[in-house]
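**Q** Data file upload_14.cif (mmCIF, C-alpha atoms and all ligand atoms) is appended below.
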```cif
data_input
#
loop_
_atom_site.label_atom_id
_atom_site.label_comp_id
_atom_site.auth_asym_id
_atom_site.auth_seq_id
_atom_site.Cartn_x
_atom_site.Cartn_y
_atom_site.Cartn_z
CA MET T 1 3.38 116.71 -86.35
CA THR T 2 5.55 119.63 -85.44
CA LEU T 3 8.90 117.89 -85.46
CA ARG T 4 11.68 120.37 -86.18
CA THR T 5 13.64 119.11 -89.19
CA LEU T 6 17.00 120.06 -90.68
CA ASP T 7 15.76 123.13 -92.57
CA ALA T 8 14.78 124.66 -89.22
CA LEU T 9 18.51 125.10 -88.54
CA GLY T 10 19.12 127.37 -91.51
CA PRO T 11 22.13 127.18 -93.86
CA LEU T 12 24.80 124.94 -92.35
CA ALA T 13 27.80 125.62 -94.61
CA GLY T 14 30.86 126.24 -92.47
CA ARG T 15 28.94 125.64 -89.26
CA ALA T 16 29.91 123.12 -86.60
CA VAL T 17 27.16 120.53 -86.20
CA VAL T 18 26.93 117.79 -83.56
CA VAL T 19 24.95 114.77 -84.75
CA ARG T 20 23.64 112.05 -82.41
CA CYS T 21 23.49 108.75 -84.29
CA ASP T 22 22.67 105.29 -83.03
CA PHE T 23 25.68 103.20 -83.97
CA ASN T 24 24.83 100.47 -81.48
CA VAL T 25 25.68 97.75 -84.00
CA PRO T 26 26.14 94.04 -83.30
CA LEU T 27 29.81 93.06 -83.08
CA LYS T 28 31.47 89.68 -83.12
CA ASP T 29 35.18 89.38 -82.33
CA GLY T 30 35.59 93.10 -83.01
CA ALA T 31 33.90 92.94 -86.44
CA ILE T 32 30.56 94.56 -87.27
CA THR T 33 28.07 91.81 -88.19
CA ASP T 34 25.27 94.14 -89.36
CA ASP T 35 25.97 97.72 -90.48
CA GLY T 36 22.29 98.60 -91.02
CA ARG T 37 22.32 101.34 -88.41
CA ILE T 38 25.42 102.92 -89.96
CA ARG T 39 23.82 102.86 -93.41
CA ALA T 40 20.65 104.38 -91.96
CA SER T 41 22.67 107.41 -90.81
CA LEU T 42 24.04 108.19 -94.27
CA PRO T 43 21.23 110.41 -95.65
CA THR T 44 21.57 112.93 -92.83
CA LEU T 45 25.36 112.85 -92.74
CA THR T 46 25.67 113.15 -96.51
CA ALA T 47 23.22 116.07 -96.57
CA LEU T 48 25.26 117.90 -93.93
CA LEU T 49 28.63 117.20 -95.54
CA GLU T 50 27.44 118.22 -98.99
CA GLN T 51 26.36 121.54 -97.55
CA GLY T 52 29.87 122.02 -96.18
CA ALA T 53 29.00 121.60 -92.52
CA ARG T 54 31.71 120.57 -90.01
CA VAL T 55 30.31 117.40 -88.55
CA THR T 56 31.03 115.80 -85.17
CA VAL T 57 29.13 112.53 -84.70
CA VAL T 58 28.40 111.04 -81.29
CA SER T 59 26.93 107.63 -80.40
CA HIS T 60 26.89 104.91 -77.80
CA LEU T 61 27.69 101.24 -78.29
CA GLY T 62 26.55 98.51 -75.92
CA ARG T 63 26.44 98.89 -72.17
CA PRO T 64 30.00 99.61 -70.99
CA ALA T 65 28.69 100.78 -67.60
CA GLY T 66 30.36 104.18 -67.56
CA THR T 67 33.98 103.12 -68.05
CA PRO T 68 36.14 102.82 -71.17
CA GLN T 69 36.28 99.24 -72.43
CA GLU T 70 38.08 98.31 -75.62
CA MET T 71 35.37 95.84 -76.67
CA TYR T 72 32.86 98.70 -76.83
CA SER T 73 35.07 101.10 -78.78
CA LEU T 74 33.49 102.85 -81.75
CA GLY T 75 36.78 102.51 -83.67
CA PRO T 76 35.43 99.81 -86.04
CA VAL T 77 32.36 101.98 -86.66
CA ALA T 78 34.51 104.99 -87.65
CA ALA T 79 36.29 102.80 -90.20
CA ARG T 80 33.04 101.41 -91.64
CA LEU T 81 31.39 104.82 -91.73
CA GLY T 82 34.36 106.17 -93.69
CA GLU T 83 34.05 103.35 -96.23
CA LEU T 84 30.32 103.97 -96.68
CA LEU T 85 30.72 107.74 -96.99
CA GLY T 86 33.78 107.44 -99.21
CA THR T 87 35.67 109.91 -97.06
CA SER T 88 37.95 109.63 -94.06
CA VAL T 89 36.29 109.84 -90.67
CA ALA T 90 38.58 111.11 -87.94
CA PHE T 91 38.19 109.13 -84.73
CA ASP T 92 38.58 111.04 -81.51
CA SER T 93 38.98 109.05 -78.36
CA ALA T 94 37.73 111.69 -75.93
CA PRO T 95 34.11 112.85 -76.18
CA ALA T 96 34.93 115.70 -73.84
CA ALA T 97 38.29 117.06 -75.00
CA GLU T 98 39.27 120.40 -73.40
CA THR T 99 38.88 122.54 -76.50
CA PRO T 100 37.70 120.64 -79.57
CA THR T 101 39.98 121.01 -82.55
CA GLU T 102 38.32 122.72 -85.47
CA LEU T 103 37.24 120.74 -88.51
CA ALA T 104 37.45 121.91 -92.10
CA ASP T 105 34.23 122.58 -94.02
CA GLY T 106 32.73 119.27 -95.15
CA ALA T 107 34.91 117.24 -92.74
CA ILE T 108 33.61 114.64 -90.29
CA ARG T 109 34.79 113.02 -87.08
CA LEU T 110 33.33 110.44 -84.71
CA LEU T 111 33.83 110.68 -80.97
CA GLU T 112 34.39 107.61 -78.79
CA ASN T 113 31.49 105.80 -77.10
CA LEU T 114 29.38 108.27 -75.09
CA ARG T 115 28.67 105.66 -72.46
CA PHE T 116 32.32 105.48 -71.45
CA ASP T 117 31.24 108.42 -69.29
CA PRO T 118 28.65 107.54 -66.62
CA ARG T 119 27.00 110.95 -66.95
CA GLU T 120 25.49 109.99 -70.34
CA THR T 121 22.95 107.70 -68.69
CA SER T 122 22.97 109.22 -65.19
CA LYS T 123 19.66 109.48 -63.32
CA ASP T 124 20.85 112.88 -62.08
CA ALA T 125 19.73 115.65 -64.43
CA GLY T 126 22.57 117.90 -63.27
CA GLU T 127 25.19 115.32 -64.20
CA ARG T 128 23.58 114.78 -67.58
CA GLN T 129 23.49 118.53 -68.18
CA ALA T 130 27.19 118.86 -67.34
CA TYR T 131 27.99 116.18 -69.91
CA ALA T 132 25.69 117.79 -72.48
CA ASP T 133 27.53 121.10 -71.95
CA GLU T 134 30.82 119.40 -72.78
CA LEU T 135 29.34 117.83 -75.90
CA ALA T 136 27.79 121.16 -76.89
CA ALA T 137 31.30 122.61 -77.17
CA PHE T 138 31.65 120.59 -80.39
CA GLY T 139 28.94 122.47 -82.26
CA GLU T 140 26.78 125.49 -82.83
CA VAL T 141 23.74 123.35 -83.59
CA PHE T 142 22.59 119.82 -82.79
CA VAL T 143 20.99 117.24 -85.06
CA SER T 144 19.33 114.31 -83.31
CA ASP T 145 19.15 111.26 -85.56
CA GLY T 146 19.56 108.24 -83.28
CA PHE T 147 16.03 106.91 -83.46
CA GLY T 148 16.96 103.85 -81.39
CA VAL T 149 17.51 106.03 -78.29
CA VAL T 150 14.70 108.60 -78.46
CA HIS T 151 12.83 106.81 -75.67
CA ARG T 152 15.72 107.50 -73.30
CA LYS T 153 16.22 110.67 -71.28
CA GLN T 154 19.99 110.71 -71.71
CA ALA T 155 22.50 113.54 -71.98
CA SER T 156 23.14 113.26 -75.73
CA VAL T 157 19.47 112.62 -76.51
CA TYR T 158 17.62 115.06 -74.28
CA GLU T 159 19.82 117.64 -72.51
CA LEU T 160 22.01 118.27 -75.55
CA ALA T 161 18.89 119.04 -77.59
CA THR T 162 17.88 121.71 -75.08
CA THR T 163 21.40 123.15 -74.87
CA LEU T 164 21.96 123.86 -78.58
CA PRO T 165 19.48 124.86 -81.30
CA SER T 166 18.29 121.41 -82.37
CA ALA T 167 16.36 119.50 -85.01
CA ALA T 168 15.68 115.93 -86.09
CA GLY T 169 17.68 114.35 -88.88
CA THR T 170 16.09 112.60 -91.83
CA LEU T 171 16.22 109.14 -90.23
CA ILE T 172 14.06 110.14 -87.29
CA ALA T 173 11.66 111.94 -89.64
CA ALA T 174 11.39 108.86 -91.87
CA GLU T 175 10.89 106.48 -88.94
CA LEU T 176 8.07 108.60 -87.56
CA GLU T 177 6.32 108.77 -90.88
CA VAL T 178 6.00 104.97 -91.04
CA LEU T 179 5.28 104.38 -87.37
CA GLU T 180 2.51 106.96 -87.44
CA ARG T 181 0.78 104.84 -90.04
CA LEU T 182 0.69 102.05 -87.45
CA THR T 183 -0.91 104.22 -84.77
CA THR T 184 -3.42 106.20 -86.80
CA ARG T 185 -6.05 103.82 -88.09
CA PRO T 186 -3.94 100.84 -89.16
CA GLU T 187 -5.55 98.65 -91.76
CA LYS T 188 -7.06 95.51 -90.16
CA PRO T 189 -6.37 92.75 -89.43
CA TYR T 190 -3.40 94.04 -87.45
CA ALA T 191 -0.98 91.52 -85.94
CA VAL T 192 1.96 92.18 -83.64
CA VAL T 193 4.71 89.57 -83.33
CA LEU T 194 6.90 89.72 -80.23
CA GLY T 195 10.02 87.81 -79.32
CA GLY T 196 13.61 88.45 -78.29
CA SER T 197 15.23 88.28 -74.92
CA LYS T 198 14.32 91.53 -73.15
CA VAL T 199 11.32 89.86 -71.61
CA SER T 200 10.25 92.24 -68.86
CA ASP T 201 10.88 95.25 -71.13
CA LYS T 202 8.46 93.90 -73.68
CA LEU T 203 5.71 92.37 -71.58
CA GLY T 204 4.26 95.80 -70.82
CA VAL T 205 3.90 96.43 -74.52
CA ILE T 206 1.36 93.66 -74.80
CA ASP T 207 -0.92 95.34 -72.31
CA ALA T 208 -0.80 98.64 -74.18
CA LEU T 209 -1.29 97.04 -77.58
CA LEU T 210 -4.18 94.70 -76.75
CA PRO T 211 -6.92 97.28 -77.40
CA ARG T 212 -5.36 98.28 -80.74
CA VAL T 213 -4.61 94.97 -82.45
CA ASP T 214 -6.33 91.78 -83.55
CA ALA T 215 -3.63 89.29 -82.64
CA VAL T 216 -0.42 89.15 -80.61
CA LEU T 217 1.94 86.33 -81.56
CA VAL T 218 4.37 85.42 -78.78
CA GLY T 219 7.72 83.78 -79.51
CA GLY T 220 11.34 84.23 -78.41
CA GLY T 221 12.39 84.26 -74.78
CA MET T 222 9.09 85.63 -73.50
CA LEU T 223 7.02 82.67 -74.62
CA PHE T 224 8.23 80.61 -71.66
CA THR T 225 6.78 83.03 -69.14
CA PHE T 226 3.43 82.54 -70.90
CA LEU T 227 3.75 78.76 -70.87
CA ALA T 228 4.69 78.84 -67.19
CA ALA T 229 1.71 81.10 -66.48
CA GLN T 230 -0.46 78.34 -67.95
CA GLY T 231 1.10 75.88 -65.55
CA HIS T 232 3.63 74.20 -67.83
CA ALA T 233 7.19 73.36 -66.79
CA VAL T 234 9.77 75.16 -68.96
CA GLY T 235 13.04 73.53 -67.89
CA GLY T 236 15.98 75.94 -67.94
CA SER T 237 14.39 78.28 -70.51
CA LEU T 238 14.27 82.05 -70.01
CA LEU T 239 11.62 82.75 -67.39
CA GLU T 240 10.48 85.83 -65.49
CA ASP T 241 9.03 84.29 -62.36
CA ASP T 242 7.71 87.54 -60.97
CA GLN T 243 5.66 88.24 -64.11
CA LEU T 244 3.42 85.17 -63.99
CA ASP T 245 0.41 86.95 -62.51
CA THR T 246 0.84 89.85 -64.90
CA VAL T 247 0.87 87.47 -67.82
CA ARG T 248 -2.25 85.69 -66.57
CA GLY T 249 -3.89 89.11 -66.44
CA TYR T 250 -2.98 89.76 -70.09
CA LEU T 251 -4.40 86.43 -71.17
CA GLN T 252 -7.68 87.17 -69.45
CA ARG T 253 -7.90 90.71 -70.75
CA ALA T 254 -7.20 89.54 -74.29
CA GLU T 255 -10.09 87.13 -74.01
CA GLU T 256 -12.40 89.90 -72.81
CA LEU T 257 -11.32 92.14 -75.69
CA GLY T 258 -11.62 89.39 -78.28
CA VAL T 259 -7.93 89.68 -79.14
CA GLU T 260 -6.02 86.51 -79.85
CA ILE T 261 -2.77 85.96 -77.95
CA VAL T 262 -1.26 83.21 -80.03
CA LEU T 263 1.18 81.01 -78.12
CA PRO T 264 3.47 78.31 -79.54
CA THR T 265 2.22 74.76 -79.59
CA ASP T 266 5.70 73.34 -80.14
CA VAL T 267 9.24 74.47 -79.34
CA VAL T 268 12.84 73.43 -80.04
CA VAL T 269 14.57 72.34 -76.85
CA ALA T 270 18.37 72.07 -76.52
CA ASP T 271 20.65 70.46 -73.97
CA ARG T 272 22.72 73.64 -73.63
CA PHE T 273 23.16 77.14 -75.06
CA ALA T 274 25.51 76.43 -77.96
CA ALA T 275 25.56 76.32 -81.76
CA ASP T 276 26.19 72.56 -81.73
CA ALA T 277 23.82 71.71 -78.87
CA ALA T 278 21.78 68.51 -79.13
CA HIS T 279 18.14 69.50 -79.73
CA GLU T 280 14.63 68.19 -80.24
CA VAL T 281 11.22 69.49 -81.23
CA THR T 282 8.66 68.90 -78.53
CA ALA T 283 5.13 69.96 -77.60
CA ALA T 284 5.05 73.27 -75.75
CA ASP T 285 3.47 71.58 -72.72
CA ALA T 286 6.13 68.84 -72.59
CA ILE T 287 9.41 70.77 -72.50
CA GLU T 288 10.80 68.67 -69.66
CA GLY T 289 9.80 65.47 -71.42
CA THR T 290 12.84 65.42 -73.72
CA PRO T 291 15.99 63.42 -72.88
CA PHE T 292 17.40 66.71 -71.49
CA GLY T 293 14.77 66.71 -68.76
CA ALA T 294 14.48 69.73 -66.50
CA SER T 295 17.73 71.20 -67.81
CA GLY T 296 16.42 71.50 -71.38
CA LEU T 297 16.45 75.02 -72.84
CA GLY T 298 13.79 76.26 -75.25
CA LEU T 299 15.73 78.08 -77.95
CA ASP T 300 13.22 78.43 -80.80
CA ILE T 301 9.56 78.04 -81.68
CA GLY T 302 8.80 74.71 -83.36
CA PRO T 303 7.90 74.12 -87.03
CA GLU T 304 4.16 73.74 -86.42
CA THR T 305 4.14 77.08 -84.58
CA GLY T 306 6.21 78.65 -87.34
CA ARG T 307 3.61 77.61 -89.91
CA ARG T 308 0.73 78.86 -87.79
CA PHE T 309 2.41 82.22 -87.15
CA ALA T 310 3.21 82.52 -90.86
CA GLU T 311 -0.43 81.95 -91.82
CA ILE T 312 -1.71 84.62 -89.44
CA ILE T 313 0.97 87.09 -90.54
CA ALA T 314 0.50 86.57 -94.25
CA ARG T 315 -3.24 87.22 -94.10
CA SER T 316 -2.87 90.41 -92.02
CA LYS T 317 -2.93 93.88 -93.57
CA THR T 318 -0.70 95.43 -90.94
CA VAL T 319 2.11 93.61 -89.13
CA PHE T 320 4.66 94.88 -86.65
CA TRP T 321 7.39 92.48 -85.58
CA ASN T 322 9.91 92.98 -82.81
CA GLY T 323 12.26 90.36 -81.42
CA PRO T 324 13.66 87.17 -82.98
CA MET T 325 11.60 83.99 -82.45
CA GLY T 326 14.65 82.07 -81.28
CA VAL T 327 18.41 82.17 -80.92
CA PHE T 328 18.84 82.86 -84.64
CA GLU T 329 22.58 83.42 -84.18
CA PHE T 330 22.84 79.59 -84.09
CA ASP T 331 21.64 77.98 -87.36
CA ALA T 332 19.83 75.20 -85.52
CA PHE T 333 17.55 77.72 -83.80
CA ALA T 334 16.94 80.16 -86.66
CA GLU T 335 14.02 78.43 -88.39
CA GLY T 336 11.25 80.12 -86.40
CA THR T 337 12.70 83.55 -87.14
CA ARG T 338 13.08 82.59 -90.80
CA ALA T 339 9.42 81.49 -91.02
CA VAL T 340 8.21 84.77 -89.54
CA ALA T 341 10.52 86.89 -91.71
CA ASP T 342 9.40 85.05 -94.83
CA ALA T 343 5.73 85.56 -93.93
CA LEU T 344 6.29 89.28 -93.44
CA THR T 345 7.63 89.56 -96.99
CA ARG T 346 4.27 88.16 -98.19
CA VAL T 347 2.07 90.68 -96.36
CA ASP T 348 -0.26 92.54 -98.70
CA GLY T 349 -0.22 95.75 -96.70
CA LEU T 350 2.27 97.33 -94.30
CA SER T 351 4.97 95.15 -92.70
CA VAL T 352 7.38 96.69 -90.21
CA VAL T 353 10.39 95.06 -88.55
CA GLY T 354 11.67 96.84 -85.45
CA GLY T 355 14.69 96.17 -83.24
CA GLY T 356 18.43 95.94 -83.67
CA ASP T 357 18.62 92.16 -83.39
CA SER T 358 15.49 91.59 -85.45
CA ALA T 359 16.89 93.72 -88.28
CA ALA T 360 20.22 91.93 -88.02
CA ALA T 361 18.38 88.60 -88.07
CA VAL T 362 16.47 89.21 -91.29
CA ARG T 363 19.65 90.35 -93.02
CA ALA T 364 21.67 87.44 -91.67
CA LEU T 365 18.98 85.08 -92.98
CA GLY T 366 19.36 86.59 -96.44
CA PHE T 367 16.24 88.75 -96.72
CA ALA T 368 16.83 92.02 -98.58
CA ASP T 369 15.65 95.17 -96.77
CA ASP T 370 13.30 96.13 -99.60
CA ARG T 371 11.16 93.02 -99.09
CA PHE T 372 9.72 94.64 -95.98
CA GLY T 373 7.60 97.77 -95.76
CA HIS T 374 10.05 99.25 -93.30
CA ILE T 375 12.93 98.13 -91.11
CA SER T 376 13.06 100.35 -88.07
CA THR T 377 16.42 101.03 -86.44
CA GLY T 378 14.74 101.23 -83.05
CA GLY T 379 13.35 98.30 -81.05
CA GLY T 380 12.45 99.76 -77.68
CA ALA T 381 11.82 103.17 -79.23
CA SER T 382 9.40 101.86 -81.84
CA LEU T 383 7.56 99.75 -79.26
CA GLU T 384 7.14 102.68 -76.91
CA PHE T 385 5.95 104.79 -79.81
CA LEU T 386 3.31 102.18 -80.67
CA GLU T 387 2.24 102.05 -77.03
CA GLY T 388 1.54 105.78 -77.22
CA LYS T 389 4.16 106.65 -74.62
CA GLU T 390 5.81 110.05 -74.49
CA LEU T 391 9.31 109.84 -75.92
CA PRO T 392 11.59 112.48 -74.37
CA GLY T 393 14.00 112.51 -77.31
CA LEU T 394 11.17 113.36 -79.72
CA GLU T 395 9.32 115.84 -77.56
CA VAL T 396 12.48 117.86 -77.14
CA LEU T 397 12.48 118.21 -80.95
CA GLY T 398 8.97 119.62 -80.98
CA TRP T 399 7.11 116.36 -81.61
CA GLN T 400 3.68 115.90 -80.09
CA ALA T 401 1.82 112.64 -80.42
P1 LIG I 501 15.60 93.32 -80.62
O1 LIG I 501 17.02 93.82 -80.59
O2 LIG I 501 15.17 92.96 -82.01
O3 LIG I 501 14.66 94.26 -79.93
P2 LIG I 501 16.05 91.63 -78.29
O4 LIG I 501 17.27 92.45 -78.00
O5 LIG I 501 14.93 91.71 -77.34
O6 LIG I 501 15.54 91.95 -79.79
O7 LIG I 501 16.43 90.09 -78.35
C1 LIG I 501 17.32 89.54 -79.28
C2 LIG I 501 17.95 88.28 -78.75
O8 LIG I 501 16.97 87.39 -78.26
C3 LIG I 501 18.73 87.51 -79.78
O9 LIG I 501 20.10 87.65 -79.50
C4 LIG I 501 18.25 86.06 -79.62
O10 LIG I 501 19.32 85.13 -79.57
C5 LIG I 501 17.54 86.11 -78.27
N1 LIG I 501 16.52 85.05 -78.10
C6 LIG I 501 15.45 84.80 -78.87
N2 LIG I 501 14.78 83.71 -78.43
C7 LIG I 501 15.43 83.28 -77.33
C8 LIG I 501 15.24 82.18 -76.43
N3 LIG I 501 14.24 81.33 -76.57
N4 LIG I 501 16.12 82.04 -75.41
C9 LIG I 501 17.15 82.91 -75.28
N5 LIG I 501 17.40 83.95 -76.09
C10 LIG I 501 16.55 84.13 -77.10
MG MG I 502 18.45 93.82 -79.02
#
```
Please re-express this file's structure in structure tokens.
Ligand code: ADP
Ligand code: MG
**A**
Amino acid sequence: MTLRTLDALGPLAGRAVVVRCDFNVPLKDGAITDDGRIRASLPTLTALLEQGARVTVVSHLGRPAGTPQEMYSLGPVAARLGELLGTSVAFDSAPAAETPTELADGAIRLLENLRFDPRETSKDAGERQAYADELAAFGEVFVSDGFGVVHRKQASVYELATTLPSAAGTLIAAELEVLERLTTRPEKPYAVVLGGSKVSDKLGVIDALLPRVDAVLVGGGMLFTFLAAQGHAVGGSLLEDDQLDTVRGYLQRAEELGVEIVLPTDVVVADRFAADAAHEVTAADAIEGTPFGASGLGLDIGPETGRRFAEIIARSKTVFWNGPMGVFEFDAFAEGTRAVADALTRVDGLSVVGGGDSAAAVRALGFADDRFGHISTGGGASLEFLEGKELPGLEVLGWQA
């Protein structure tokens, strides 16, 4: 691994440093519900501030589609970051001010959401470069530490790192150290647990992982596409119609490779998407057989499935989990996620949780971070890393897989 790390930038006292963090935290009614990603940024930021660097932090939050929207403001993050650092964090509303005001040595500011400007995520490299040039005015060097976005070729992730002398922060370095243990000869049996709602994003992962793992456990929103591929009706549950053939292909390939794709045998079906929805446990092949009929929504794996998943997880030596098993934000549909989280804490080997919502889920369910081998701040990024894909935000820092 040839990743450039902080020491590659030389002494940073008195120097202006731009730091890309991933502060894409879950918010509810303007309040941060899980500050894990902010905490994860502290080692790098503290190291820089203690050296007397002048630190400008940039991040995105949510998908504001290129225009300023109050609900996606990083204001609450600036406040929380200040509390955690024990220092005041200036909050600057314009990422691209004309001439940035100078900071004192050891001072820190956070700029407003990068994605309020459409150039951050533009497909046009020229537009991204123009935005990166504006961001580069805030520093002499660049530290990339937003692990959750390293799989994206975006202005503050890729172009900015080519515009200023750049290096990875300690979070990215730490994430890579653990994830590498999953790709270079993981101890067997190796199980991967997938769930969540970004179904089409994650289906491809299964294909790439099949040759490397012993079992793939499928829960969350994507399980319904598997059930449908087997010919079962899934009511109003999440379903990617155009992926049915792909999924059938995975099932067949898994069989050829001797890898188990473990699908739920029971699910929790609700009459609507709400915390107080009426709900019932039913067999996975009888989702439309509840009183809610064809409008029933599968919102969690059932208890039998939870037990079966837990058994497989607890006897594995290596487990990677991405994506909640159900809509854990509602108590009634959190049991599947709880069963999987609990099983991961019992793994005698390496257990890794990846993904913003998955990390938030284990914390919301009361599991302390140190009960897992590692909680990755990146969902998509960690999955793409495990698939062996090239990650532009890492390559630009010297990393080669
Ligand atoms: P991560 O951030 O960990 O990568 P995702 O973003 O893919 O995970 O998905 C998280 C979301 O998936 C959660 O908000 C959860 O409510 C939702 N989810 C899980 N199971 C279902 C389901 N059966 N139907 C709808 N949404 C689901
Ligand atoms: Mg998510």
**Q** Considering all atoms listed in the file, tabulate each residue of chain T that lies at most 12 Å from ligand MG 502 (chain I) along with its nearest interatomic pair and the corresponding distance in Å to one decimal; arrange the rows by chain and ascending residue number and present them as JSON lines.
**A**
```
{"residue": "T:Asn24", "atom": "CA", "partner": "I:MG502", "partner_atom": "MG", "distance": 9.5}
{"residue": "T:Val25", "atom": "CA", "partner": "I:MG502", "partner_atom": "MG", "distance": 9.6}
{"residue": "T:Pro26", "atom": "CA", "partner": "I:MG502", "partner_atom": "MG", "distance": 8.8}
{"residue": "T:Leu61", "atom": "CA", "partner": "I:MG502", "partner_atom": "MG", "distance": 11.9}
{"residue": "T:Gly62", "atom": "CA", "partner": "I:MG502", "partner_atom": "MG", "distance": 9.9}
{"residue": "T:Arg63", "atom": "CA", "partner": "I:MG502", "partner_atom": "MG", "distance": 11.7}
{"residue": "T:Gly148", "atom": "CA", "partner": "I:MG502", "partner_atom": "MG", "distance": 10.4}
{"residue": "T:Gly195", "atom": "CA", "partner": "I:MG502", "partner_atom": "MG", "distance": 10.4}
{"residue": "T:Gly196", "atom": "CA", "partner": "I:MG502", "partner_atom": "MG", "distance": 7.3}
{"residue": "T:Ser197", "atom": "CA", "partner": "I:MG502", "partner_atom": "MG", "distance": 7.6}
{"residue": "T:Lys198", "atom": "CA", "partner": "I:MG502", "partner_atom": "MG", "distance": 7.5}
{"residue": "T:Val199", "atom": "CA", "partner": "I:MG502", "partner_atom": "MG", "distance": 11.0}
{"residue": "T:Asp201", "atom": "CA", "partner": "I:MG502", "partner_atom": "MG", "distance": 11.0}
{"residue": "T:Lys202", "atom": "CA", "partner": "I:MG502", "partner_atom": "MG", "distance": 11.3}
{"residue": "T:Gly220", "atom": "CA", "partner": "I:MG502", "partner_atom": "MG", "distance": 12.0}
{"residue": "T:Asn322", "atom": "CA", "partner": "I:MG502", "partner_atom": "MG", "distance": 9.4}
{"residue": "T:Gly323", "atom": "CA", "partner": "I:MG502", "partner_atom": "MG", "distance": 7.5}
{"residue": "T:Pro324", "atom": "CA", "partner": "I:MG502", "partner_atom": "MG", "distance": 9.1}
{"residue": "T:Val327", "atom": "CA", "partner": "I:MG502", "partner_atom": "MG", "distance": 11.8}
{"residue": "T:Gly354", "atom": "CA", "partner": "I:MG502", "partner_atom": "MG", "distance": 9.8}
{"residue": "T:Gly355", "atom": "CA", "partner": "I:MG502", "partner_atom": "MG", "distance": 6.1}
{"residue": "T:Gly356", "atom": "CA", "partner": "I:MG502", "partner_atom": "MG", "distance": 5.1}
{"residue": "T:Asp357", "atom": "CA", "partner": "I:MG502", "partner_atom": "MG", "distance": 4.7}
{"residue": "T:Ser358", "atom": "CA", "partner": "I:MG502", "partner_atom": "MG", "distance": 7.4}
{"residue": "T:Ala359", "atom": "CA", "partner": "I:MG502", "partner_atom": "MG", "distance": 9.4}
{"residue": "T:Ala360", "atom": "CA", "partner": "I:MG502", "partner_atom": "MG", "distance": 9.4}
{"residue": "T:Ala361", "atom": "CA", "partner": "I:MG502", "partner_atom": "MG", "distance": 10.4}
{"residue": "T:Thr377", "atom": "CA", "partner": "I:MG502", "partner_atom": "MG", "distance": 10.5}
{"residue": "T:Gly378", "atom": "CA", "partner": "I:MG502", "partner_atom": "MG", "distance": 9.2}
{"residue": "T:Gly379", "atom": "CA", "partner": "I:MG502", "partner_atom": "MG", "distance": 7.1}
{"residue": "T:Gly380", "atom": "CA", "partner": "I:MG502", "partner_atom": "MG", "distance": 8.5}
{"residue": "T:Ala381", "atom": "CA", "partner": "I:MG502", "partner_atom": "MG", "distance": 11.5}
```
**Q** Need the shell around range 240-246 of chain T: protein/DNA/RNA residues with any atom at most 12 Å away, counting only C-alpha atoms. Skip same-chain ones fewer than 2 positions apart. Format as a PyMOL selection string?
**A** chain T and resi 197-204+206-207+221-234+236-238+248-253
**Q** Between CA of Thr99 in chain T and CA of Leu111 in chain T, what is the distance, to one decimal in Å?
**A**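 We find that CA of Thr99 in chain T and CA of Leu111 in chain T lie 13.6 Å from each other.
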**Q** Which one is closest to ligand LIG 501 (chain I): T:Gly373, T:Gly139, T:Gly219, T:Pro392? Count all atoms listed in the file.
**A**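 Of T:Gly373, T:Gly139, T:Gly219, T:Pro392, the one nearest ligand LIG 501 (chain I), counting all atoms listed in the file, is T:Gly219.
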**Q** Enter the distance from CA of Ser295 in chain T to atom C10 of ligand LIG 501 (chain I), in Å, rounded to one decimal.
**A**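 Interatomic distance, CA of Ser295 in chain T to atom C10 of ligand LIG 501 (chain I): 16.0 Å.
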